[in-house]
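Shown next: coords_16.cif, containing mmCIF, C-alpha atoms.
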```
data_entry
#
loop_
_atom_site.label_atom_id
_atom_site.label_comp_id
_atom_site.auth_asym_id
_atom_site.auth_seq_id
_atom_site.Cartn_x
_atom_site.Cartn_y
_atom_site.Cartn_z
CA MET Q 1 16.84 45.16 130.84
CA THR Q 2 19.36 47.40 129.11
CA SER Q 3 17.74 50.30 127.29
CA LEU Q 4 17.95 50.64 123.53
CA THR Q 5 17.79 54.44 123.64
CA ARG Q 6 20.81 56.39 122.43
CA ARG Q 7 20.66 59.46 124.66
CA ASN Q 8 23.01 58.28 127.39
CA VAL Q 9 25.29 56.62 124.88
CA LEU Q 10 25.54 59.81 122.83
CA LYS Q 11 26.24 61.85 125.94
CA ALA Q 12 29.05 59.49 126.83
CA GLY Q 13 30.40 59.69 123.30
CA VAL Q 14 30.41 63.49 123.40
CA ALA Q 15 32.18 63.44 126.76
CA VAL Q 16 34.89 61.19 125.41
CA GLY Q 17 35.13 63.30 122.27
CA CYS Q 18 35.64 66.45 124.35
CA ALA Q 19 38.42 64.66 126.19
CA GLY Q 20 40.36 64.38 122.95
CA VAL Q 21 38.93 61.25 121.33
CA GLY Q 22 36.83 61.67 118.18
CA LEU Q 23 33.07 61.69 118.64
CA THR Q 24 32.56 58.71 116.30
CA VAL Q 25 35.22 56.65 118.02
CA GLY Q 26 33.80 57.51 121.42
CA TYR Q 27 30.31 56.54 120.30
CA ASP Q 28 31.49 53.21 118.90
CA LEU Q 29 33.41 52.37 122.07
CA LEU Q 30 30.61 53.22 124.47
CA LYS Q 31 27.62 52.16 122.44
CA ASP Q 32 25.15 50.00 124.35
CA PRO Q 33 25.70 46.42 123.06
CA LEU Q 34 21.98 46.03 122.38
CA VAL Q 35 21.95 49.25 120.36
CA LYS Q 36 24.80 47.93 118.24
CA LEU Q 37 23.16 44.51 117.90
CA ASP Q 38 19.93 46.18 116.83
CA GLU Q 39 21.78 48.15 114.16
CA ASP Q 40 23.68 45.05 113.01
CA LEU Q 41 20.49 43.01 112.66
CA ASN Q 42 18.84 45.78 110.67
CA ARG Q 43 21.84 45.90 108.32
CA ALA Q 44 21.87 42.11 108.12
CA LEU Q 45 18.58 42.16 106.19
CA GLN Q 46 20.62 43.44 103.27
CA ASP Q 47 24.00 41.91 104.05
CA LEU Q 48 22.96 38.28 104.72
CA PRO Q 49 20.56 38.82 102.79
CA ALA Q 50 17.18 38.09 104.39
CA ALA Q 51 13.54 39.06 104.03
CA SER Q 52 13.05 38.87 107.80
CA ILE Q 53 14.82 38.00 111.03
CA SER Q 54 13.67 37.02 114.52
CA ALA Q 55 16.16 37.16 117.39
CA ALA Q 56 16.03 36.62 121.16
CA ILE Q 57 18.40 36.58 124.11
CA ILE Q 58 17.87 34.73 127.40
CA LYS Q 59 19.83 36.02 130.39
CA ASN Q 60 19.65 35.36 134.13
CA ASN Q 61 17.13 32.54 133.51
CA GLN Q 62 14.58 34.80 131.85
CA LEU Q 63 13.83 36.54 128.58
CA TYR Q 64 16.19 39.51 128.30
CA TRP Q 65 15.47 40.84 124.81
CA HIS Q 66 13.76 39.88 121.57
CA LYS Q 67 12.88 41.63 118.33
CA ASN Q 68 11.66 40.96 114.79
CA TYR Q 69 12.99 42.62 111.64
CA GLY Q 70 11.91 42.91 108.03
CA PHE Q 71 8.72 41.62 106.46
CA GLU Q 72 6.15 38.97 107.22
CA ASP Q 73 5.15 39.18 103.56
CA LEU Q 74 6.95 41.11 100.85
CA ASP Q 75 4.14 41.41 98.31
CA SER Q 76 1.82 43.13 100.80
CA LYS Q 77 4.78 44.81 102.59
CA ARG Q 78 3.34 43.50 105.86
CA LYS Q 79 6.02 43.98 108.50
CA MET Q 80 7.12 41.47 111.12
CA THR Q 81 5.42 41.60 114.52
CA GLU Q 82 5.62 39.52 117.70
CA GLU Q 83 2.81 37.39 116.28
CA SER Q 84 4.55 36.62 112.97
CA ALA Q 85 4.80 32.83 112.77
CA TRP Q 86 7.56 31.01 110.93
CA GLN Q 87 6.06 28.11 108.96
CA THR Q 88 9.15 26.05 109.77
CA ILE Q 89 12.13 26.41 112.07
CA GLY Q 90 13.86 23.41 110.53
CA SER Q 91 15.42 20.70 112.65
CA ILE Q 92 15.06 22.66 115.88
CA SER Q 93 11.62 21.02 115.66
CA LYS Q 94 13.22 17.70 116.61
CA LEU Q 95 13.77 18.97 120.16
CA VAL Q 96 10.00 18.76 120.67
CA VAL Q 97 10.06 15.11 119.59
CA TRP Q 98 12.81 14.26 122.09
CA THR Q 99 10.96 16.12 124.85
CA ALA Q 100 7.78 14.14 124.18
CA LEU Q 101 9.71 10.88 124.33
CA MET Q 102 11.33 11.80 127.65
CA GLN Q 103 7.91 12.63 129.08
CA LEU Q 104 6.86 9.06 128.27
CA VAL Q 105 10.04 7.75 129.89
CA GLU Q 106 9.17 9.69 133.06
CA ARG Q 107 5.70 8.15 133.07
CA GLY Q 108 7.16 4.67 132.79
CA ASP Q 109 5.48 4.10 129.42
CA LEU Q 110 8.72 3.99 127.43
CA ASP Q 111 12.08 2.39 128.12
CA LEU Q 112 14.98 4.17 126.39
CA HIS Q 113 16.86 0.89 125.99
CA ARG Q 114 14.05 -1.41 124.92
CA ASP Q 115 13.63 -2.59 121.33
CA VAL Q 116 11.37 -0.07 119.53
CA SER Q 117 9.81 -3.02 117.69
CA ASP Q 118 7.97 -3.83 120.93
CA TYR Q 119 6.14 -0.50 120.64
CA LEU Q 120 5.82 -0.15 116.86
CA GLY Q 121 3.92 -3.36 116.22
CA PHE Q 122 6.40 -4.48 113.56
CA LYS Q 123 10.04 -5.53 113.58
CA LEU Q 124 12.43 -2.69 112.80
CA ARG Q 125 15.84 -4.27 112.23
CA SER Q 126 18.77 -3.57 109.95
CA PRO Q 127 19.31 -6.23 107.26
CA TYR Q 128 23.02 -5.92 107.97
CA TYR Q 129 22.65 -6.62 111.72
CA PRO Q 130 19.30 -8.41 112.11
CA GLN Q 131 20.09 -9.61 115.64
CA THR Q 132 20.69 -6.08 117.01
CA SER Q 133 17.76 -4.22 118.54
CA ILE Q 134 17.14 -0.57 117.68
CA THR Q 135 16.16 1.44 120.75
CA THR Q 136 14.81 4.90 121.51
CA TYR Q 137 18.26 5.73 122.87
CA HIS Q 138 19.67 4.97 119.43
CA LEU Q 139 17.08 7.25 117.82
CA MET Q 140 17.90 10.13 120.16
CA THR Q 141 21.66 9.76 119.71
CA HIS Q 142 21.42 9.39 115.91
CA SER Q 143 23.04 5.97 116.06
CA SER Q 144 20.08 3.84 114.94
CA SER Q 145 21.42 3.10 111.42
CA LEU Q 146 18.18 4.50 109.92
CA SER Q 147 19.16 6.44 106.80
CA SER Q 148 17.19 9.43 105.58
CA ARG Q 149 20.08 10.11 103.15
CA LYS Q 150 18.92 7.27 100.95
CA LEU Q 151 15.18 7.54 101.42
CA MET Q 152 14.42 11.26 101.53
CA SER Q 153 17.48 13.53 101.27
CA LYS Q 154 17.81 13.73 97.49
CA PRO Q 155 16.60 17.09 96.11
CA TYR Q 156 13.12 16.15 94.89
CA PRO Q 157 12.08 13.88 97.80
CA MET Q 158 13.48 16.49 100.20
CA ALA Q 159 11.40 19.23 98.56
CA ASP Q 160 8.30 17.05 98.90
CA SER Q 161 9.05 16.25 102.55
CA PHE Q 162 8.90 19.97 103.35
CA CYS Q 163 6.15 21.07 101.02
CA GLN Q 164 3.73 18.33 99.98
CA ASN Q 165 0.78 17.95 102.33
CA GLN Q 166 -0.22 14.52 101.06
CA ASP Q 167 -3.41 12.76 101.99
CA GLN Q 168 -1.37 10.52 104.27
CA THR Q 169 -0.78 10.50 108.02
CA LEU Q 170 2.48 10.03 109.89
CA ALA Q 171 1.34 6.53 110.85
CA GLN Q 172 0.48 5.61 107.27
CA TRP Q 173 3.85 6.86 106.01
CA VAL Q 174 5.78 4.88 108.62
CA GLU Q 175 3.77 1.74 107.94
CA GLN Q 176 4.30 2.13 104.18
CA TYR Q 177 8.04 2.79 104.13
CA LEU Q 178 9.40 1.26 107.35
CA ASN Q 179 7.20 -1.80 107.95
CA PRO Q 180 8.84 -4.86 106.33
CA SER Q 181 5.41 -6.25 105.38
CA SER Q 182 4.73 -3.26 103.09
CA GLU Q 183 5.32 -3.56 99.34
CA SER Q 184 7.05 -0.15 99.45
CA PHE Q 185 9.60 -1.23 102.06
CA SER Q 186 13.23 -1.50 100.95
CA ASP Q 187 15.65 -2.38 103.73
CA VAL Q 188 18.71 -1.19 101.77
CA MET Q 189 17.05 2.22 101.33
CA VAL Q 190 16.08 2.51 104.99
CA PHE Q 191 19.34 1.46 106.67
CA ASP Q 192 23.02 2.34 106.59
CA GLU Q 193 25.64 -0.40 106.96
CA TYR Q 194 26.60 -0.09 110.61
CA GLU Q 195 25.32 -1.70 113.79
CA ALA Q 196 22.87 0.34 115.86
CA GLY Q 197 24.67 1.84 118.84
CA ASP Q 198 28.16 1.31 117.41
CA PHE Q 199 29.29 4.89 117.99
CA ALA Q 200 32.77 4.25 116.57
CA ASN Q 201 31.50 3.20 113.13
CA VAL Q 202 28.44 5.37 112.54
CA SER Q 203 28.09 6.43 108.89
CA GLN Q 204 29.58 9.84 108.21
CA ASP Q 205 27.17 12.69 107.53
CA PRO Q 206 27.93 14.57 104.28
CA LEU Q 207 26.19 17.68 105.63
CA GLY Q 208 28.54 17.85 108.60
CA VAL Q 209 25.97 17.70 111.40
CA VAL Q 210 26.88 14.47 113.20
CA SER Q 211 27.67 11.01 111.87
CA GLY Q 212 24.48 8.99 111.57
CA TYR Q 213 22.23 12.06 111.57
CA SER Q 214 18.86 11.06 110.15
CA ASN Q 215 15.45 12.67 109.90
CA LEU Q 216 13.99 9.17 110.23
CA ASN Q 217 15.03 9.07 113.88
CA ALA Q 218 12.60 11.89 114.67
CA VAL Q 219 9.90 10.42 112.43
CA VAL Q 220 10.06 7.04 114.19
CA GLY Q 221 10.30 8.79 117.57
CA ALA Q 222 7.09 10.71 116.89
CA TYR Q 223 5.34 7.54 115.76
CA LEU Q 224 6.38 5.87 119.02
CA VAL Q 225 4.52 8.66 120.84
CA GLU Q 226 1.41 7.91 118.78
CA ARG Q 227 1.60 4.18 119.43
CA ILE Q 228 2.12 4.56 123.17
CA THR Q 229 -0.40 7.35 123.85
CA ASP Q 230 -3.02 6.46 121.23
CA GLN Q 231 -2.96 10.14 120.19
CA LYS Q 232 -1.86 11.85 117.01
CA PHE Q 233 1.61 13.25 117.61
CA ASN Q 234 0.58 16.85 116.92
CA ALA Q 235 -2.34 16.53 119.34
CA TYR Q 236 -0.08 15.08 122.03
CA CYS Q 237 2.30 18.02 121.66
CA GLU Q 238 -0.56 20.49 122.03
CA ASP Q 239 -1.75 18.82 125.24
CA ALA Q 240 1.58 17.98 126.88
CA ILE Q 241 3.96 20.73 125.72
CA PHE Q 242 2.45 23.70 123.87
CA GLU Q 243 -0.55 24.36 126.12
CA PRO Q 244 1.32 23.97 129.45
CA CYS Q 245 4.04 26.31 128.15
CA ALA Q 246 1.44 28.83 126.87
CA MET Q 247 2.85 28.46 123.36
CA LYS Q 248 -0.27 29.84 121.71
CA GLN Q 249 1.37 30.67 118.38
CA THR Q 250 3.03 27.28 117.90
CA SER Q 251 1.62 24.45 115.80
CA TRP Q 252 2.68 21.58 113.58
CA SER Q 253 -0.41 22.14 111.45
CA LYS Q 254 -0.51 25.19 109.18
CA ASP Q 255 -4.31 25.06 109.30
CA LYS Q 256 -4.16 26.81 112.66
CA PRO Q 257 -5.14 30.48 112.11
CA LEU Q 258 -1.85 32.22 112.88
CA HIS Q 259 0.01 35.12 111.27
CA TRP Q 260 1.90 32.79 108.97
CA MET Q 261 4.90 34.33 107.24
CA THR Q 262 5.93 33.84 103.64
CA HIS Q 263 9.36 32.25 103.31
CA TYR Q 264 11.86 33.42 100.71
CA GLU Q 265 15.18 32.82 99.03
CA ALA Q 266 17.10 35.82 97.69
CA GLU Q 267 17.86 35.62 93.97
CA TYR Q 268 21.52 36.43 94.55
CA SER Q 269 22.06 34.45 97.73
CA PRO Q 270 25.50 32.88 98.16
CA ARG Q 271 24.96 29.22 97.21
CA ALA Q 272 27.37 26.34 97.20
CA PRO Q 273 26.98 24.41 93.91
CA ILE Q 274 25.75 21.32 95.77
CA MET Q 275 22.89 23.37 97.25
CA GLN Q 276 21.73 24.85 93.94
CA VAL Q 277 20.09 21.56 93.05
CA TYR Q 278 17.75 21.93 96.04
CA THR Q 279 16.61 25.36 94.85
CA LYS Q 280 16.05 23.91 91.38
CA ALA Q 281 14.00 21.06 92.84
CA MET Q 282 11.76 23.53 94.69
CA ILE Q 283 11.18 25.45 91.44
CA ASP Q 284 10.67 22.31 89.33
CA GLN Q 285 8.14 20.91 91.82
CA GLY Q 286 6.14 24.14 91.66
CA TYR Q 287 6.66 25.12 95.30
CA THR Q 288 7.77 28.66 94.42
CA GLY Q 289 5.52 31.46 93.20
CA GLU Q 290 5.49 32.30 89.51
CA ALA Q 291 6.75 35.86 90.05
CA PHE Q 292 9.55 37.30 92.17
CA SER Q 293 8.82 39.25 95.34
CA PHE Q 294 10.71 42.46 95.99
CA MET Q 295 12.25 44.19 98.98
CA PRO Q 296 11.68 47.97 99.09
CA ASP Q 297 15.24 48.49 97.76
CA GLY Q 298 14.42 46.39 94.69
CA ARG Q 299 16.17 43.14 95.60
CA LYS Q 300 14.48 40.04 94.19
CA PHE Q 301 13.36 37.06 96.25
CA LEU Q 302 11.90 33.72 95.24
CA ASN Q 303 8.86 33.06 97.40
CA PHE Q 304 7.80 29.64 98.61
CA SER Q 305 4.13 30.54 98.52
CA ASN Q 306 3.15 27.13 97.12
CA CYS Q 307 4.94 25.14 99.82
CA ASP Q 308 2.57 23.62 102.40
CA TYR Q 309 5.27 23.33 105.10
CA PHE Q 310 3.53 20.15 106.16
CA SER Q 311 3.92 16.53 105.09
CA PRO Q 312 3.49 13.06 106.61
CA VAL Q 313 7.04 13.29 108.01
CA TYR Q 314 6.44 16.69 109.67
CA PRO Q 315 8.18 15.83 112.99
CA MET Q 316 11.54 15.92 111.20
CA GLY Q 317 11.48 19.71 110.96
CA LEU Q 318 8.14 21.39 110.26
CA LEU Q 319 7.18 23.02 113.55
CA GLY Q 320 5.59 26.42 112.96
CA THR Q 321 5.91 29.15 115.58
CA SER Q 322 6.51 32.77 116.35
CA MET Q 323 9.71 33.53 118.20
CA GLN Q 324 7.78 34.86 121.18
CA SER Q 325 5.70 31.68 121.40
CA LEU Q 326 8.69 29.34 121.23
CA LEU Q 327 10.69 31.05 123.98
CA PRO Q 328 8.93 29.33 126.94
CA PHE Q 329 10.08 25.95 125.61
CA PHE Q 330 13.74 27.00 125.83
CA LEU Q 331 13.21 28.84 129.10
CA ALA Q 332 12.07 25.51 130.55
CA PHE Q 333 15.45 24.00 129.70
CA VAL Q 334 17.35 26.75 131.53
CA ASN Q 335 15.06 26.34 134.53
CA GLN Q 336 15.28 22.58 135.14
CA GLY Q 337 12.21 21.76 133.07
CA ARG Q 338 9.86 24.36 134.56
CA VAL Q 339 8.15 27.34 132.94
CA ASN Q 340 4.96 29.20 133.84
CA ASP Q 341 4.88 27.26 137.14
CA VAL Q 342 4.53 24.02 135.17
CA ALA Q 343 7.09 21.24 134.82
CA ILE Q 344 7.20 19.80 131.31
CA LEU Q 345 10.13 17.62 132.42
CA GLN Q 346 11.72 16.72 135.73
CA PRO Q 347 15.19 18.13 136.51
CA GLU Q 348 16.69 14.64 136.24
CA SER Q 349 15.38 14.28 132.69
CA VAL Q 350 16.72 17.68 131.65
CA ALA Q 351 20.11 16.78 133.13
CA LYS Q 352 20.16 13.50 131.20
CA ILE Q 353 19.14 15.16 127.93
CA LEU Q 354 21.88 17.78 128.35
CA SER Q 355 24.70 15.38 129.12
CA ILE Q 356 27.14 14.04 126.56
CA GLN Q 357 26.10 10.63 125.26
CA ARG Q 358 28.45 10.37 122.29
CA ARG Q 359 31.34 12.22 120.67
CA ASP Q 360 31.69 12.21 116.91
CA LYS Q 361 35.43 11.89 116.28
CA SER Q 362 35.16 12.67 112.56
CA LEU Q 363 33.38 15.99 113.11
CA GLY Q 364 34.17 16.84 116.72
CA THR Q 365 30.45 17.03 117.49
CA HIS Q 366 29.14 16.36 121.01
CA LEU Q 367 25.62 14.99 121.31
CA GLY Q 368 23.31 14.51 124.28
CA LEU Q 369 19.84 12.97 123.96
CA GLY Q 370 18.96 14.74 120.73
CA TRP Q 371 20.53 18.05 121.78
CA PHE Q 372 23.91 19.16 120.45
CA ARG Q 373 26.60 20.76 122.57
CA LYS Q 374 28.89 23.38 121.13
CA GLN Q 375 31.20 26.08 122.41
CA ASP Q 376 30.76 29.73 121.50
CA ALA Q 377 33.57 32.17 120.71
CA TYR Q 378 33.94 32.95 124.42
CA GLY Q 379 34.23 29.38 125.69
CA ASN Q 380 30.64 29.03 126.91
CA GLN Q 381 29.12 25.54 126.61
CA LEU Q 382 25.79 25.72 124.77
CA TRP Q 383 23.11 23.09 124.17
CA GLY Q 384 20.59 23.19 121.34
CA HIS Q 385 20.09 22.62 117.64
CA ASP Q 386 20.43 24.28 114.25
CA GLY Q 387 17.88 24.05 111.49
CA GLY Q 388 17.33 24.80 107.84
CA GLY Q 389 14.85 24.39 105.04
CA PRO Q 390 13.14 26.29 102.23
CA GLY Q 391 13.41 29.93 103.29
CA VAL Q 392 14.86 29.45 106.76
CA VAL Q 393 18.12 28.95 108.61
CA SER Q 394 17.76 28.79 112.37
CA SER Q 395 19.76 28.39 115.56
CA ALA Q 396 18.61 27.94 119.16
CA TYR Q 397 21.05 27.23 122.01
CA VAL Q 398 20.92 27.59 125.79
CA ASN Q 399 23.47 27.46 128.60
CA PRO Q 400 21.58 26.17 131.67
CA ALA Q 401 24.68 26.53 133.85
CA LYS Q 402 24.53 30.30 133.36
CA GLY Q 403 20.81 30.71 132.69
CA SER Q 404 21.40 32.12 129.22
CA GLY Q 405 20.58 31.42 125.59
CA VAL Q 406 20.24 32.83 122.09
CA LEU Q 407 17.80 32.15 119.27
CA LEU Q 408 18.19 33.47 115.72
CA PHE Q 409 15.85 32.72 112.79
CA ILE Q 410 16.65 34.04 109.30
CA ASN Q 411 14.23 34.08 106.36
CA ASN Q 412 16.51 32.73 103.61
CA PHE Q 413 18.50 29.51 103.78
CA HIS Q 414 21.39 30.58 101.53
CA VAL Q 415 23.02 33.39 103.51
CA SER Q 416 26.45 34.67 104.46
CA TYR Q 417 27.23 32.14 107.19
CA SER Q 418 30.25 34.14 108.37
CA LEU Q 419 27.97 37.11 109.08
CA ARG Q 420 25.44 34.80 110.75
CA GLU Q 421 28.19 33.54 113.08
CA LYS Q 422 29.19 37.11 113.92
CA LEU Q 423 25.60 37.93 114.85
CA LEU Q 424 25.35 34.83 117.05
CA ALA Q 425 28.68 35.68 118.70
CA ALA Q 426 27.45 39.20 119.51
CA MET Q 427 24.23 37.80 120.96
CA ASN Q 428 26.11 35.24 123.06
CA LYS Q 429 28.43 37.93 124.38
CA ILE Q 430 25.43 39.91 125.62
CA ALA Q 431 23.74 36.79 127.03
CA HIS Q 432 26.81 35.87 129.07
CA SER Q 433 27.95 39.33 130.14
CA VAL Q 434 27.83 40.17 133.85
#
```
Would you write out, as structure tokens, the structure that this file holds?
Amino acid sequence: MTSLTRRNVLKAGVAVGCAGVGLTVGYDLLKDPLVKLDEDLNRALQDLPAASISAAIIKNNQLYWHKNYGFEDLDSKRKMTEESAWQTIGSISKLVVWTALMQLVERGDLDLHRDVSDYLGFKLRSPYYPQTSITTYHLMTHSSSLSSRKLMSKPYPMADSFCQNQDQTLAQWVEQYLNPSSESFSDVMVFDEYEAGDFANVSQDPLGVVSGYSNLNAVVGAYLVERITDQKFNAYCEDAIFEPCAMKQTSWSKDKPLHWMTHYEAEYSPRAPIMQVYTKAMIDQGYTGEAFSFMPDGRKFLNFSNCDYFSPVYPMGLLGTSMQSLLPFFLAFVNQGRVNDVAILQPESVAKILSIQRRDKSLGTHLGLGWFRKQDAYGNQLWGHDGGGPGVVSSAYVNPAKGSGVLLFINNFHVSYSLREKLLAAMNKIAHSV
């Protein structure tokens, strides 16, 4: 791995300076890319802004570099370590749901193209297209017509879905809101007006992810796992994914004794007006602490100390993990499903997941089985997911063809996204360099 020490770089800079080029210019030109990235990430704590950052680079099919910056908790000034666990990584969590479903497909317990009603124990059909089956394939390609926009994406329900650990299980929530026999069920709230699988007419996504994107797809997918395996979804993940991958600091439940971080939002974060209502909802619902937390330089941060980061719909985006613990999961996808001499998926399943299933003409998005494909600034084709939530914006993408990948977690949702993209571009350049 490339060294982060400056000695050789400084020597080279001096040599260039003596040859007639200024010392500073020589240093900038010859600086080790990891040294510069390290400096940029340190500065990013102030420039994004962020209370903490976790970053990692995969190269040549293995972990190349990773580091944590900033604070695990501002009030105690406890600094980030390799064991610092993010209470949520946002929608990157959904990749675990899709992996669990594909494991069941491999076992022959689940058919991607069979009506999910056959597994759920109740009929899940759109009122607009009651004759059309909804399948697991539709869930994984966000073309099911299930609509989280109506049911749970407004500011206050969204705040609760991240922060309110109700006395209700995933199964109970699904049965209450998605089972037609429940008094709480409202078909017009649950479904959008397009036919499941009709890629050309999927409802547009106002957040610009992919048309038809819905948290309900992951929620129903996780409940399918429970119905088929007769296990709680979080327990299944522990047995079939986290333990085999040695992901010891990863858990859906925040009751697990880990070094849980505090999540924050900077007082003066750049916010689009439409997003300010979500911050207000978090405050109004009492999920933020009563007092500000402070960085050493005096900058103020709202803290989400009263957010549980768990709710009945946790599979949508509430996986907790340290960066170090999550890395084996992504290493498996650059190594044909294998990590730590264990196969969590067969190569054929990985290939199917990471193959284009639909193209969103309105947004230009390419989607596999739950994984998104995008191109970096250098033309490399990457597969993964982005995420966001109270006090986090996250990105995790891999390029199996070149055995590379980058992961970047930022403690603050409202950040300078142009700077975030520059950081990701620098990381991808290192990951794909010869």
For CA of Gln168 in chain Q and CA of Val209 in chain Q, the interatomic separation in Å (one decimal): 29.2 Å
Range 70-75 of chain Q environment, 9 Å, only C-alpha atoms, sequence neighbours closer than 4 positions dropped, as a PyMOL selection string: chain Q and resi 42+45+50-54+79-81+84-86+259-263+293-296+301+303
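The two atoms in question, CA of Asn412 in chain Q and CA of Arg299 in chain Q, are spaced 13.1 Å apart.
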So how far away is CA of Glu267 in chain Q from CA of Lys300 in chain Q, in Å?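 It comes out at 5.6 Å.
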Run the PyMOL selection byres ((chain Q and resi 190) around 7) mentally over the shown coordinates, then write out the matched residues as a list in words, using the chain letters and numbers from the document. Leu146, Ser147, Lys150, Leu151, Ser186, Asp187, Val188, Met189 and Phe191 of chain Q
Write the selection just made, keeping C-alpha atoms, as a short mmCIF file (atom, residue, chain, number, x, y, z; two decimals), in the frame of the given file?
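What ended up in result01.cif:
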```
data_model
loop_
_atom_site.label_atom_id
_atom_site.label_comp_id
_atom_site.auth_asym_id
_atom_site.auth_seq_id
_atom_site.Cartn_x
_atom_site.Cartn_y
_atom_site.Cartn_z
CA LEU Q 146 18.18 4.50 109.92
CA SER Q 147 19.16 6.44 106.80
CA LYS Q 150 18.92 7.27 100.95
CA LEU Q 151 15.18 7.54 101.42
CA SER Q 186 13.23 -1.50 100.95
CA ASP Q 187 15.65 -2.38 103.73
CA VAL Q 188 18.71 -1.19 101.77
CA MET Q 189 17.05 2.22 101.33
CA PHE Q 191 19.34 1.46 106.67
#
```
So that I can see what lies close to Met427 in chain Q, please list as an MDAnalysis selection string the residues with an atom at most 7 Å from it, counting all atoms listed in the file and leaving out residues fewer than 4 positions away in the same chain. chainID Q and resid 57 406 423 431
